[in-house]
Amino acid sequence: MASEKEIKEIYENGMNILEDLTNNVQEIQEQVLQEILKSNAGTEYLSRFFPNGEADNQSFKTNVPIITYEDIKPYIDRIANGETSSILLAYRIIQFLLSTGTSGGQPKLIPMTAESFEKRMSDLLLSDLVTRKCFSGSDEGKSLYLYFIKPEMETPSGLKASFFTTFYFKTESFKNGLAKFCTSPIDTILCLDNKQSMFCQLLTGLLQRDEVVRFGSTFASVLARTIKFLEDYWRELCCNIRTGYISDWIIDPGCKNAMSLILTRPNPKLADSIQQIFEDKSWEGIIVKLWPKIKYIHCIITGSMSQYVSLLEFYGGGIPLVSPIYNSSESSFGINLKPLSKPFDVSYTFLLNTAYFEFLPVGKDGEGKTQETWTDDEPVDLANVKLGRYYEVVVTTLAGLYRYRVGDVHKVTGFRNKSPQFQFVERRNVVLSIDVDKTTEEDLSKAIMKAKLILEPLGIMLTTCSSYADTSLTPGRYVLFWELKMKGRNDLPKLDAKIMEQCCCIVEESFDFTYKSHRKGGAISALELRVVKHGTFDELMDFYVSKGVSVAQYKPPSCLKSEEAVKILNSGMVGKFFSPKTMF
Ligand code: AMP
């Protein structure tokens, strides 16, 4: 684990480390692969691809197949069930990471070694360093970062399995590093009850409001949830500050103890000033009003999180949104070297020493739509990706994944020194599909962005959305779920049928040629838009959390597959609208 000395080294020398890492792309990548092979070529999984024993980089690329999780799952299951021989890797696995990407309803199990964790740590620290350098004075204050954990599981082998965030927040590296800058006492972060944890973290953040210079979390979805929590609990938070007593439903011993050290006296003056802000007619800019020294909001806002950009811009009063890192349970990938980039321009620079990366070219047709042609193409190395092209990332890690398809598609947008920078485009397996039409996550997101523009001048905010392909009738149709509210207030907007239908039209217009021709030919029915009341998507999140997903790593599902999830959203429905039947 990263020691205090190593953490200090990164903070002191990080910019030089970054220069080095972005310059010698080919060399560093080849070295990483060599190291991985040197350690692991003799494992049961890899050895069969090197029949004559020569495990060099070239034969790796020729012989080892590109795989998905399903291909490697039987090996991982054997390790989880207690087999100790070197099945996938020679190093000792310290535990499994749980991924929110599911495999047949179960979270994926991803092996982690001490070394692979250390590399991820250094990425996190480098990203933190780059962001701080960008905002002068942000070194001096504290971070109100809302972090949550989830109970660990134990596999039959006795190895633990947990979400990366849960593992990380429990390490000394976190306690000695980023936690030192956080307003939240570690015991409130480590509380297993997310509601008590959220309440106490917000309370400590409000009590230290003049010291907070950064507001954030892992993903934007957590901050959207936080704003809703403030709407529901601000009176109680103010009351706790006024009286100096913590609410009696805070019973977690860690939280109670931590709060007793912070909430030490009644503070009616502070309570009054905070209450006044909450009682403002509009909550526009409430984050900067509550924490006036905040310089930026820090959370992942790309990919499926981009749906929260306008919400965070509104409540954040326009302070910069910084999307720091792109990573997954499988590997750390890259960091954002330009923290001031606008949310839709964010690119991540891959850090070359964490894993060996390859890229499967993804074809895009004239309309920018992902094609299926890529499977015939050979993957290219990091050093050979081309500006403007799309690729699916394939990773070989220090922890037993070899030529593993992550499922994320990126576009190359530029270079830092010799290292390419990538914009996150979409997750490959997230698609709406009827007949031969495939509407991807990117198609959906672009279409919704266009449609919601007509709501904005009316003061209506689209806070979150999802979709599914309804094939219960023939022909089937795509259904969108939108949670709408008035800007700054919680009232449900008055829904003008004409405007809502226009939104449906804009979405359909924006879809590609295949969709339109199927719609015209009658193989797909008119698009349906279901508006749900404020808070419905929180229930959806609760549902996934009850199924084992961690709040800290929750990704809102863009395309629903679960009937239960559709039912939850239907139960919050307050209006439904359709495109005109004969639109095309
Ligand atoms: P998990 O393994 O549960 O942490 O999920 C990892 C997945 O989250 C990645 O494969 C991406 O699909 C998504 N993800 C992680 N970081 C980002 C990011 N910066 N932008 C967009 N999506 C991300």
# chains A, B, ... in the order shown; residues from 1 in each chain; ligands from 1

call {"tool": "residues_near_ligand", "arguments": {"ligand": "ligand 1", "cutoff": "9 Å", "atoms": "only C-alpha atoms and all ligand atoms", "output": "JSON, numbers by chain"}}
result
{"A": [97, 98, 99, 100, 101, 102, 107, 108, 110, 163, 164, 165, 219, 299, 300, 301, 302, 303, 304, 305, 306, 323, 324, 325, 326, 327, 328, 329, 330, 331, 332, 333, 334, 335, 336, 346, 347, 348, 406, 407, 408, 409, 423, 424, 425, 426, 427, 428, 549, 550, 553, 554, 555]}

call {"tool": "residues_around", "arguments": {"residues": "Asp193 of chain A", "least_positions_apart": "3", "cutoff": "8 Å", "atoms": "only C-alpha atoms", "output": "PyMOL selection string"}}
result
chain A and resi 196-197+252

call {"tool": "write_last_selection", "arguments": {"atoms": "N, CA, C and O atoms", "output": "mmCIF file, in the first residue's frame"}}
result
data_model
loop_
_atom_site.group_PDB
_atom_site.id
_atom_site.type_symbol
_atom_site.label_atom_id
_atom_site.label_comp_id
_atom_site.auth_asym_id
_atom_site.auth_seq_id
_atom_site.Cartn_x
_atom_site.Cartn_y
_atom_site.Cartn_z
ATOM 1 N N GLN A 196 -27.586 7.336 7.241
ATOM 2 C CA GLN A 196 -26.917 7.948 8.401
ATOM 3 C C GLN A 196 -25.599 8.585 7.964
ATOM 4 O O GLN A 196 -25.228 9.668 8.407
ATOM 5 N N SER A 197 -24.912 7.869 7.074
ATOM 6 C CA SER A 197 -23.631 8.361 6.586
ATOM 7 C C SER A 197 -23.811 9.706 5.870
ATOM 8 O O SER A 197 -23.113 10.682 6.132
ATOM 9 N N ASP A 252 -25.606 4.684 14.545
ATOM 10 C CA ASP A 252 -24.349 3.990 14.232
ATOM 11 C C ASP A 252 -23.265 4.499 15.200
ATOM 12 O O ASP A 252 -23.040 5.713 15.292
#

call {"tool": "residues_around", "arguments": {"residues": "Gly82 of chain A", "least_positions_apart": "6", "cutoff": "9 Å", "atoms": "only C-alpha atoms", "output": "PyMOL selection string"}}
result
chain A and resi 155-159

call {"tool": "select_by_dssp", "arguments": {"residues": "segment 146-231 of chain A", "states": "strand (DSSP E or B)", "output": "list of chain:residue names"}}
result
A:Leu146, A:Met153, A:Glu154, A:Lys160, A:Ala161, A:Ser162, A:Phe163, A:Cys182, A:Val212, A:Val213, A:Arg214, A:Phe215, A:Gly216, A:Ser217, A:Thr218, A:Phe219

call {"tool": "closest_residue", "arguments": {"among": "A:Gly14, A:Pro51, A:Gly216, A:Pro580", "to": "Met500 of chain A", "atoms": "only C-alpha atoms"}}
result
A:Pro580

call {"tool": "closest_residue", "arguments": {"among": "A:Glu539, A:Lys142, A:Lys452, A:Lys170", "to": "Glu501 of chain A", "atoms": "only C-alpha atoms"}}
result
A:Lys452

call {"tool": "select_by_dssp", "arguments": {"residues": "segment 143-329 of chain A", "states": "helix (DSSP H, G or I)", "output": "compact mmCIF listing (two decimals) with N, CA, C and O atoms, in the first residue's frame"}}
result
# COMPACT_ATOMS: atom_id res chain seq x y z
N PHE A 164 -14.43 -1.30 -5.35
CA PHE A 164 -13.12 -0.66 -5.22
C PHE A 164 -13.18 0.49 -4.21
O PHE A 164 -12.30 0.64 -3.37
N THR A 165 -14.24 1.29 -4.31
CA THR A 165 -14.34 2.44 -3.40
C THR A 165 -14.36 1.97 -1.95
O THR A 165 -13.69 2.55 -1.10
N THR A 166 -15.10 0.90 -1.68
CA THR A 166 -15.15 0.38 -0.30
C THR A 166 -13.76 -0.04 0.16
O THR A 166 -13.32 0.30 1.25
N PHE A 167 -13.07 -0.78 -0.71
CA PHE A 167 -11.71 -1.24 -0.35
C PHE A 167 -10.81 -0.04 -0.08
O PHE A 167 -10.13 0.04 0.94
N TYR A 168 -10.87 0.91 -1.01
CA TYR A 168 -9.96 2.06 -0.95
C TYR A 168 -10.22 2.91 0.30
O TYR A 168 -9.28 3.30 1.00
N PHE A 169 -11.49 3.17 0.60
CA PHE A 169 -11.78 4.03 1.76
C PHE A 169 -11.33 3.39 3.07
O PHE A 169 -11.20 4.06 4.08
N GLU A 172 -5.11 2.38 4.65
CA GLU A 172 -4.29 3.42 5.29
C GLU A 172 -3.95 4.50 4.26
O GLU A 172 -3.81 5.67 4.59
N SER A 173 -3.80 4.08 2.98
CA SER A 173 -3.46 5.06 1.94
C SER A 173 -4.50 6.16 1.88
O SER A 173 -4.17 7.33 1.73
N PHE A 174 -5.76 5.78 1.97
CA PHE A 174 -6.82 6.79 1.94
C PHE A 174 -6.78 7.62 3.23
O PHE A 174 -6.82 8.85 3.20
N LYS A 175 -6.67 6.88 4.36
CA LYS A 175 -6.70 7.59 5.65
C LYS A 175 -5.54 8.58 5.75
O LYS A 175 -5.69 9.68 6.27
N ASN A 176 -4.36 8.17 5.23
CA ASN A 176 -3.19 9.06 5.32
C ASN A 176 -3.13 10.07 4.18
O ASN A 176 -2.30 10.96 4.18
N LEU A 178 -5.99 11.30 0.94
CA LEU A 178 -7.09 12.21 0.65
C LEU A 178 -8.01 12.47 1.84
O LEU A 178 -8.54 13.57 1.99
N ALA A 179 -8.17 11.47 2.71
CA ALA A 179 -9.10 11.64 3.84
C ALA A 179 -8.69 12.79 4.74
O ALA A 179 -9.53 13.42 5.39
N LYS A 180 -7.40 13.08 4.76
CA LYS A 180 -6.93 14.15 5.64
C LYS A 180 -7.48 15.51 5.22
O LYS A 180 -7.52 16.43 6.02
N PHE A 181 -7.84 15.62 3.95
CA PHE A 181 -8.37 16.90 3.47
C PHE A 181 -9.91 16.95 3.52
O PHE A 181 -10.51 17.92 3.12
N ILE A 186 -13.67 9.91 9.11
CA ILE A 186 -13.59 8.61 8.46
C ILE A 186 -14.70 7.66 8.91
O ILE A 186 -15.25 6.91 8.13
N ASP A 187 -15.10 7.75 10.19
CA ASP A 187 -16.15 6.85 10.67
C ASP A 187 -17.51 7.11 10.02
O ASP A 187 -18.35 6.22 9.95
N THR A 188 -17.72 8.35 9.56
CA THR A 188 -19.00 8.60 8.87
C THR A 188 -18.95 8.02 7.46
O THR A 188 -19.96 7.57 6.93
N ILE A 189 -17.76 8.03 6.86
CA ILE A 189 -17.62 7.42 5.52
C ILE A 189 -17.76 5.91 5.63
O ILE A 189 -18.36 5.26 4.76
N ASN A 194 -26.16 4.00 4.51
CA ASN A 194 -25.90 5.14 3.64
C ASN A 194 -26.64 6.40 4.07
O ASN A 194 -26.15 7.51 3.88
N LYS A 195 -27.82 6.22 4.66
CA LYS A 195 -28.61 7.40 5.05
C LYS A 195 -27.97 8.11 6.24
O LYS A 195 -27.79 9.33 6.23
N GLN A 196 -27.59 7.34 7.24
CA GLN A 196 -26.92 7.95 8.40
C GLN A 196 -25.60 8.59 7.96
O GLN A 196 -25.23 9.67 8.41
N SER A 197 -24.91 7.87 7.07
CA SER A 197 -23.63 8.36 6.59
C SER A 197 -23.81 9.71 5.87
O SER A 197 -23.11 10.68 6.13
N MET A 198 -24.79 9.77 4.97
CA MET A 198 -25.04 11.00 4.20
C MET A 198 -25.40 12.15 5.14
O MET A 198 -24.88 13.26 4.99
N PHE A 199 -26.27 11.87 6.11
CA PHE A 199 -26.70 12.93 7.03
C PHE A 199 -25.49 13.49 7.79
O PHE A 199 -25.30 14.70 7.87
N CYS A 200 -24.68 12.60 8.31
CA CYS A 200 -23.54 13.06 9.13
C CYS A 200 -22.50 13.76 8.27
O CYS A 200 -21.90 14.75 8.69
N GLN A 201 -22.29 13.26 7.05
CA GLN A 201 -21.30 13.91 6.19
C GLN A 201 -21.76 15.32 5.80
O GLN A 201 -20.97 16.26 5.79
N LEU A 202 -23.05 15.47 5.53
CA LEU A 202 -23.55 16.82 5.18
C LEU A 202 -23.51 17.73 6.40
O LEU A 202 -23.16 18.91 6.29
N LEU A 203 -23.84 17.17 7.55
CA LEU A 203 -23.82 17.98 8.77
C LEU A 203 -22.40 18.49 9.07
O LEU A 203 -22.20 19.67 9.34
N THR A 204 -21.42 17.60 8.96
CA THR A 204 -20.04 18.06 9.23
C THR A 204 -19.61 19.07 8.16
O THR A 204 -18.90 20.03 8.46
N GLY A 205 -20.07 18.86 6.93
CA GLY A 205 -19.73 19.81 5.86
C GLY A 205 -20.33 21.18 6.13
O GLY A 205 -19.69 22.21 5.89
N LEU A 206 -21.56 21.20 6.65
CA LEU A 206 -22.20 22.49 6.94
C LEU A 206 -21.54 23.16 8.15
O LEU A 206 -21.36 24.38 8.18
N LEU A 207 -21.17 22.34 9.12
CA LEU A 207 -20.52 22.92 10.32
C LEU A 207 -19.18 23.56 9.96
O LEU A 207 -18.73 24.48 10.62
N ALA A 220 -21.22 11.73 -10.60
CA ALA A 220 -22.22 12.80 -10.52
C ALA A 220 -23.54 12.29 -9.95
O ALA A 220 -24.28 13.03 -9.31
N SER A 221 -23.85 10.99 -10.18
CA SER A 221 -25.12 10.46 -9.68
C SER A 221 -25.21 10.60 -8.15
O SER A 221 -26.29 10.81 -7.61
N VAL A 222 -24.07 10.51 -7.47
CA VAL A 222 -24.09 10.63 -6.00
C VAL A 222 -24.43 12.07 -5.61
O VAL A 222 -25.16 12.31 -4.64
N LEU A 223 -23.94 13.03 -6.38
CA LEU A 223 -24.22 14.43 -6.04
C LEU A 223 -25.68 14.77 -6.34
O LEU A 223 -26.30 15.56 -5.61
N ALA A 224 -26.24 14.17 -7.40
CA ALA A 224 -27.66 14.39 -7.67
C ALA A 224 -28.47 13.88 -6.48
O ALA A 224 -29.42 14.51 -6.01
N ARG A 225 -28.05 12.73 -5.99
CA ARG A 225 -28.72 12.15 -4.82
C ARG A 225 -28.55 13.05 -3.59
O ARG A 225 -29.46 13.22 -2.79
N THR A 226 -27.38 13.65 -3.47
CA THR A 226 -27.09 14.51 -2.32
C THR A 226 -28.01 15.73 -2.32
O THR A 226 -28.51 16.15 -1.27
N ILE A 227 -28.24 16.29 -3.51
CA ILE A 227 -29.11 17.47 -3.59
C ILE A 227 -30.53 17.11 -3.16
O ILE A 227 -31.18 17.82 -2.41
N LYS A 228 -30.98 15.95 -3.61
CA LYS A 228 -32.32 15.50 -3.21
C LYS A 228 -32.35 15.29 -1.69
O LYS A 228 -33.34 15.62 -1.02
N PHE A 229 -31.27 14.77 -1.14
CA PHE A 229 -31.21 14.54 0.32
C PHE A 229 -31.28 15.87 1.07
O PHE A 229 -31.98 16.00 2.07
N LEU A 230 -30.59 16.87 0.52
CA LEU A 230 -30.65 18.20 1.16
C LEU A 230 -32.08 18.73 1.13
O LEU A 230 -32.57 19.32 2.09
N GLU A 231 -32.77 18.51 0.01
CA GLU A 231 -34.17 18.97 -0.09
C GLU A 231 -35.02 18.33 1.01
O GLU A 231 -35.87 18.96 1.61
N ASP A 232 -34.75 17.04 1.25
CA ASP A 232 -35.57 16.31 2.22
C ASP A 232 -35.16 16.57 3.66
O ASP A 232 -35.97 16.41 4.56
N TYR A 233 -33.89 16.90 3.90
CA TYR A 233 -33.40 16.92 5.29
C TYR A 233 -32.85 18.26 5.76
O TYR A 233 -32.29 18.33 6.84
N TRP A 234 -33.00 19.34 4.95
CA TRP A 234 -32.33 20.57 5.37
C TRP A 234 -32.85 21.09 6.69
O TRP A 234 -32.10 21.61 7.51
N ARG A 235 -34.15 20.94 6.94
CA ARG A 235 -34.70 21.46 8.20
C ARG A 235 -34.07 20.74 9.39
O ARG A 235 -33.69 21.35 10.38
N GLU A 236 -33.94 19.43 9.23
CA GLU A 236 -33.39 18.64 10.34
C GLU A 236 -31.90 18.95 10.53
O GLU A 236 -31.42 19.02 11.67
N LEU A 237 -31.20 19.17 9.44
CA LEU A 237 -29.78 19.51 9.55
C LEU A 237 -29.64 20.85 10.30
O LEU A 237 -28.81 20.99 11.21
N CYS A 238 -30.49 21.81 9.92
CA CYS A 238 -30.44 23.12 10.59
C CYS A 238 -30.77 22.96 12.07
O CYS A 238 -30.13 23.59 12.94
N CYS A 239 -31.74 22.12 12.36
CA CYS A 239 -32.17 21.93 13.75
C CYS A 239 -31.01 21.33 14.59
O CYS A 239 -30.77 21.75 15.72
N ASN A 240 -30.30 20.37 13.99
CA ASN A 240 -29.16 19.77 14.70
C ASN A 240 -28.10 20.83 15.01
O ASN A 240 -27.53 20.86 16.09
N ILE A 241 -27.87 21.72 14.04
CA ILE A 241 -26.85 22.76 14.24
C ILE A 241 -27.34 23.75 15.31
O ILE A 241 -26.59 24.16 16.20
N ARG A 242 -28.62 24.07 15.25
CA ARG A 242 -29.17 25.05 16.20
C ARG A 242 -29.09 24.53 17.64
O ARG A 242 -28.68 25.24 18.55
N THR A 243 -29.45 23.25 17.82
CA THR A 243 -29.53 22.72 19.20
C THR A 243 -28.22 22.12 19.69
O THR A 243 -28.01 21.95 20.88
N PRO A 253 -22.61 3.59 15.94
CA PRO A 253 -21.67 4.04 16.96
C PRO A 253 -20.54 4.92 16.40
O PRO A 253 -20.17 5.93 17.01
N GLY A 254 -20.02 4.57 15.21
CA GLY A 254 -18.94 5.36 14.61
C GLY A 254 -19.40 6.78 14.32
O GLY A 254 -18.73 7.76 14.63
N CYS A 255 -20.60 6.88 13.72
CA CYS A 255 -21.15 8.20 13.38
C CYS A 255 -21.41 9.00 14.66
O CYS A 255 -21.06 10.18 14.75
N LYS A 256 -22.03 8.33 15.63
CA LYS A 256 -22.39 9.04 16.86
C LYS A 256 -21.15 9.61 17.53
O LYS A 256 -21.10 10.77 17.94
N ASN A 257 -20.15 8.76 17.61
CA ASN A 257 -18.92 9.17 18.26
C ASN A 257 -18.26 10.33 17.50
O ASN A 257 -17.88 11.34 18.09
N ALA A 258 -18.15 10.16 16.17
CA ALA A 258 -17.50 11.21 15.36
C ALA A 258 -18.27 12.52 15.50
O ALA A 258 -17.67 13.60 15.64
N MET A 259 -19.60 12.46 15.48
CA MET A 259 -20.39 13.69 15.54
C MET A 259 -20.30 14.34 16.91
O MET A 259 -20.36 15.56 17.03
N SER A 260 -20.10 13.51 17.94
CA SER A 260 -20.02 14.09 19.29
C SER A 260 -18.76 14.97 19.43
O SER A 260 -18.69 15.85 20.26
N LEU A 261 -17.77 14.70 18.58
CA LEU A 261 -16.54 15.50 18.64
C LEU A 261 -16.66 16.79 17.81
O LEU A 261 -15.89 17.72 17.96
N ILE A 262 -17.65 16.83 16.92
CA ILE A 262 -17.78 17.99 16.02
C ILE A 262 -18.98 18.87 16.39
O ILE A 262 -18.90 20.09 16.38
N PRO A 268 -26.92 28.68 17.00
CA PRO A 268 -28.09 29.25 16.32
C PRO A 268 -27.71 30.23 15.22
O PRO A 268 -28.41 30.33 14.20
N LYS A 269 -26.57 30.89 15.37
CA LYS A 269 -26.18 31.87 14.35
C LYS A 269 -25.91 31.17 13.00
O LYS A 269 -26.41 31.58 11.95
N LEU A 270 -25.15 30.11 13.10
CA LEU A 270 -24.85 29.34 11.87
C LEU A 270 -26.14 28.75 11.31
O LEU A 270 -26.39 28.81 10.09
N ALA A 271 -26.96 28.20 12.20
CA ALA A 271 -28.22 27.58 11.74
C ALA A 271 -29.07 28.62 11.01
O ALA A 271 -29.64 28.33 9.94
N ASP A 272 -29.15 29.84 11.56
CA ASP A 272 -29.95 30.89 10.91
C ASP A 272 -29.45 31.19 9.51
O ASP A 272 -30.24 31.28 8.57
N SER A 273 -28.12 31.35 9.39
CA SER A 273 -27.63 31.76 8.07
C SER A 273 -27.82 30.64 7.05
O SER A 273 -28.13 30.90 5.89
N ILE A 274 -27.67 29.41 7.49
CA ILE A 274 -27.88 28.30 6.54
C ILE A 274 -29.36 28.18 6.18
O ILE A 274 -29.73 28.02 5.02
N GLN A 275 -30.19 28.32 7.22
CA GLN A 275 -31.63 28.18 6.99
C GLN A 275 -32.13 29.21 5.97
O GLN A 275 -32.94 28.90 5.10
N GLN A 276 -31.59 30.42 6.10
CA GLN A 276 -31.99 31.48 5.17
C GLN A 276 -31.71 31.07 3.71
O GLN A 276 -32.52 31.31 2.82
N ILE A 277 -30.56 30.43 3.53
CA ILE A 277 -30.20 30.01 2.17
C ILE A 277 -31.18 28.93 1.67
O ILE A 277 -31.67 28.98 0.55
N PHE A 278 -31.47 27.99 2.56
CA PHE A 278 -32.40 26.92 2.15
C PHE A 278 -33.80 27.47 1.88
O PHE A 278 -34.54 26.91 1.09
N GLU A 279 -34.14 28.54 2.58
CA GLU A 279 -35.50 29.08 2.41
C GLU A 279 -35.62 30.02 1.21
O GLU A 279 -36.71 30.49 0.90
N ILE A 286 -27.15 27.00 -5.05
CA ILE A 286 -27.18 26.76 -3.60
C ILE A 286 -25.85 26.19 -3.07
O ILE A 286 -25.45 26.47 -1.94
N ILE A 287 -25.15 25.45 -3.90
CA ILE A 287 -23.90 24.85 -3.42
C ILE A 287 -22.88 25.94 -3.07
O ILE A 287 -22.27 25.90 -2.00
N VAL A 288 -22.76 26.94 -3.92
CA VAL A 288 -21.81 28.02 -3.59
C VAL A 288 -22.35 28.93 -2.50
O VAL A 288 -21.58 29.55 -1.79
N LYS A 289 -23.66 28.98 -2.37
CA LYS A 289 -24.19 29.82 -1.28
C LYS A 289 -23.91 29.14 0.07
O LYS A 289 -23.55 29.78 1.04
N LEU A 290 -24.07 27.84 0.10
CA LEU A 290 -23.83 27.13 1.37
C LEU A 290 -22.35 27.06 1.70
O LEU A 290 -21.95 27.12 2.86
N GLY A 303 -19.82 10.26 -20.00
CA GLY A 303 -20.56 9.03 -20.24
C GLY A 303 -21.97 9.14 -19.68
O GLY A 303 -22.63 10.16 -19.84
N SER A 304 -22.42 8.09 -19.00
CA SER A 304 -23.81 8.09 -18.52
C SER A 304 -24.04 9.18 -17.47
O SER A 304 -25.19 9.50 -17.15
N MET A 305 -22.97 9.74 -16.94
CA MET A 305 -23.11 10.79 -15.92
C MET A 305 -23.41 12.15 -16.53
O MET A 305 -23.72 13.09 -15.83
N SER A 306 -23.27 12.25 -17.87
CA SER A 306 -23.44 13.57 -18.48
C SER A 306 -24.87 14.07 -18.33
O SER A 306 -25.12 15.26 -18.43
N GLN A 307 -25.81 13.17 -18.06
CA GLN A 307 -27.19 13.62 -17.87
C GLN A 307 -27.34 14.53 -16.66
O GLN A 307 -28.34 15.24 -16.52
N TYR A 308 -26.33 14.53 -15.75
CA TYR A 308 -26.43 15.37 -14.56
C TYR A 308 -25.73 16.72 -14.72
O TYR A 308 -25.70 17.50 -13.78
N VAL A 309 -25.16 16.96 -15.89
CA VAL A 309 -24.38 18.19 -16.05
C VAL A 309 -25.24 19.42 -15.78
O VAL A 309 -24.88 20.29 -14.98
N SER A 310 -26.43 19.51 -16.42
CA SER A 310 -27.20 20.75 -16.22
C SER A 310 -27.67 20.89 -14.79
O SER A 310 -27.72 22.00 -14.25
N LEU A 311 -27.98 19.78 -14.15
CA LEU A 311 -28.39 19.84 -12.74
C LEU A 311 -27.26 20.42 -11.87
O LEU A 311 -27.46 21.32 -11.07
N LEU A 312 -26.04 19.91 -12.10
CA LEU A 312 -24.92 20.39 -11.28
C LEU A 312 -24.54 21.82 -11.64
O LEU A 312 -24.14 22.60 -10.78
N GLU A 313 -24.70 22.17 -12.92
CA GLU A 313 -24.41 23.56 -13.30
C GLU A 313 -25.40 24.49 -12.60
O GLU A 313 -25.05 25.56 -12.12
N PHE A 314 -26.64 24.05 -12.55
CA PHE A 314 -27.67 24.89 -11.94
C PHE A 314 -27.44 25.06 -10.43
O PHE A 314 -27.35 26.16 -9.91
N TYR A 315 -27.30 23.94 -9.73
CA TYR A 315 -27.14 24.03 -8.27
C TYR A 315 -25.75 24.55 -7.89
O TYR A 315 -25.56 25.10 -6.82

call {"tool": "closest_residue", "arguments": {"among": "A:Leu351, A:Leu432, A:Ile10, A:Ile251", "to": "Asp128 of chain A", "atoms": "only C-alpha atoms"}}
result
A:Ile10

call {"tool": "atom_distance", "arguments": {"atom1": "atom CA of Asn384 of chain A", "atom2": "atom CA of Thr62 of chain A"}}
result
17.0 Å

call {"tool": "residues_around", "arguments": {"residues": "Tyr356 of chain A", "least_positions_apart": "4", "cutoff": "8 Å", "atoms": "only C-alpha atoms", "output": "mmCIF file with N, CA, C and O atoms, in the first residue's frame"}}
result
data_model
loop_
_atom_site.group_PDB
_atom_site.id
_atom_site.type_symbol
_atom_site.label_atom_id
_atom_site.label_comp_id
_atom_site.auth_asym_id
_atom_site.auth_seq_id
_atom_site.Cartn_x
_atom_site.Cartn_y
_atom_site.Cartn_z
ATOM 1 N N GLN A 29 4.897 1.026 -22.508
ATOM 2 C CA GLN A 29 3.887 -0.006 -22.706
ATOM 3 C C GLN A 29 4.507 -1.386 -22.943
ATOM 4 O O GLN A 29 4.053 -2.382 -22.406
ATOM 5 N N GLU A 30 5.580 -1.426 -23.757
ATOM 6 C CA GLU A 30 6.227 -2.718 -24.018
ATOM 7 C C GLU A 30 6.816 -3.279 -22.730
ATOM 8 O O GLU A 30 6.745 -4.481 -22.464
ATOM 9 N N VAL A 32 5.718 -2.715 -19.675
ATOM 10 C CA VAL A 32 4.625 -3.193 -18.813
ATOM 11 C C VAL A 32 4.214 -4.597 -19.245
ATOM 12 O O VAL A 32 4.072 -5.506 -18.416
ATOM 13 N N LEU A 33 4.080 -4.788 -20.567
ATOM 14 C CA LEU A 33 3.671 -6.100 -21.054
ATOM 15 C C LEU A 33 4.728 -7.160 -20.728
ATOM 16 O O LEU A 33 4.396 -8.269 -20.283
ATOM 17 N N LEU A 352 0.360 5.183 -18.758
ATOM 18 C CA LEU A 352 0.877 3.994 -19.433
ATOM 19 C C LEU A 352 1.456 2.923 -18.535
ATOM 20 O O LEU A 352 1.695 1.818 -18.968
ATOM 21 N N VAL A 395 -7.745 -4.450 -22.351
ATOM 22 C CA VAL A 395 -6.715 -4.225 -21.350
ATOM 23 C C VAL A 395 -6.062 -5.545 -20.893
ATOM 24 O O VAL A 395 -6.715 -6.579 -20.837
ATOM 25 N N THR A 396 -4.771 -5.453 -20.642
ATOM 26 C CA THR A 396 -4.030 -6.564 -20.034
ATOM 27 C C THR A 396 -3.449 -6.022 -18.731
ATOM 28 O O THR A 396 -2.724 -5.028 -18.753
ATOM 29 N N THR A 397 -3.842 -6.634 -17.622
ATOM 30 C CA THR A 397 -3.497 -6.015 -16.331
ATOM 31 C C THR A 397 -2.463 -6.820 -15.558
ATOM 32 O O THR A 397 -2.152 -7.962 -15.894
#

call {"tool": "atom_distance", "arguments": {"atom1": "atom CA of Gly459 of chain A", "atom2": "atom CA of His298 of chain A"}}
result
25.8 Å

call {"tool": "closest_residue", "arguments": {"among": "A:Glu483, A:Ile250, A:Thr514, A:Arg519", "to": "Val574 of chain A", "atoms": "only C-alpha atoms"}}
result
A:Glu483

call {"tool": "closest_residue", "arguments": {"among": "A:Phe357, A:Tyr11, A:Tyr145, A:Phe117", "to": "Gln26 of chain A", "atoms": "only C-alpha atoms"}}
result
A:Phe357

call {"tool": "atom_distance", "arguments": {"atom1": "atom CA of Leu18 of chain A", "atom2": "atom CA of Lys293 of chain A"}}
result
29.1 Å

call {"tool": "residues_around", "arguments": {"residues": "Lys73 of chain A", "least_positions_apart": "5", "cutoff": "10 Å", "atoms": "only C-alpha atoms", "output": "list in words"}}
result
Thr68, Arg78, Ile79, Ser103, Lys108, Leu109 and Ile110 of chain A

call {"tool": "residues_around", "arguments": {"residues": "Phe215 of chain A", "least_positions_apart": "6", "cutoff": "8 Å", "atoms": "only C-alpha atoms", "output": "PDB file with C-alpha atoms, in the first residue's frame"}}
result
ATOM      1  CA  SER A 143     -13.029  18.814   0.648  1.00  0.00           C
ATOM      2  CA  LEU A 144     -16.659  17.996   1.229  1.00  0.00           C
ATOM      3  CA  TYR A 145     -16.557  14.701  -0.634  1.00  0.00           C
ATOM      4  CA  ILE A 294     -15.867  26.331  -3.123  1.00  0.00           C
ATOM      5  CA  TYR A 296     -14.959  23.511  -8.110  1.00  0.00           C
ATOM      6  CA  ILE A 297     -17.209  20.454  -8.086  1.00  0.00           C
ATOM      7  CA  HIS A 298     -15.286  17.231  -8.437  1.00  0.00           C
TER       8      HIS A 298
END

call {"tool": "closest_residue", "arguments": {"among": "A:Pro556, A:Met153, A:Lys8, A:Gly488", "to": "Gly285 of chain A", "atoms": "only C-alpha atoms"}}
result
A:Gly488

call {"tool": "residues_around", "arguments": {"residues": "Ile460 of chain A", "least_positions_apart": "4", "cutoff": "8 Å", "atoms": "only C-alpha atoms", "output": "PyMOL selection string"}}
result
chain A and resi 455-456+484-487+493
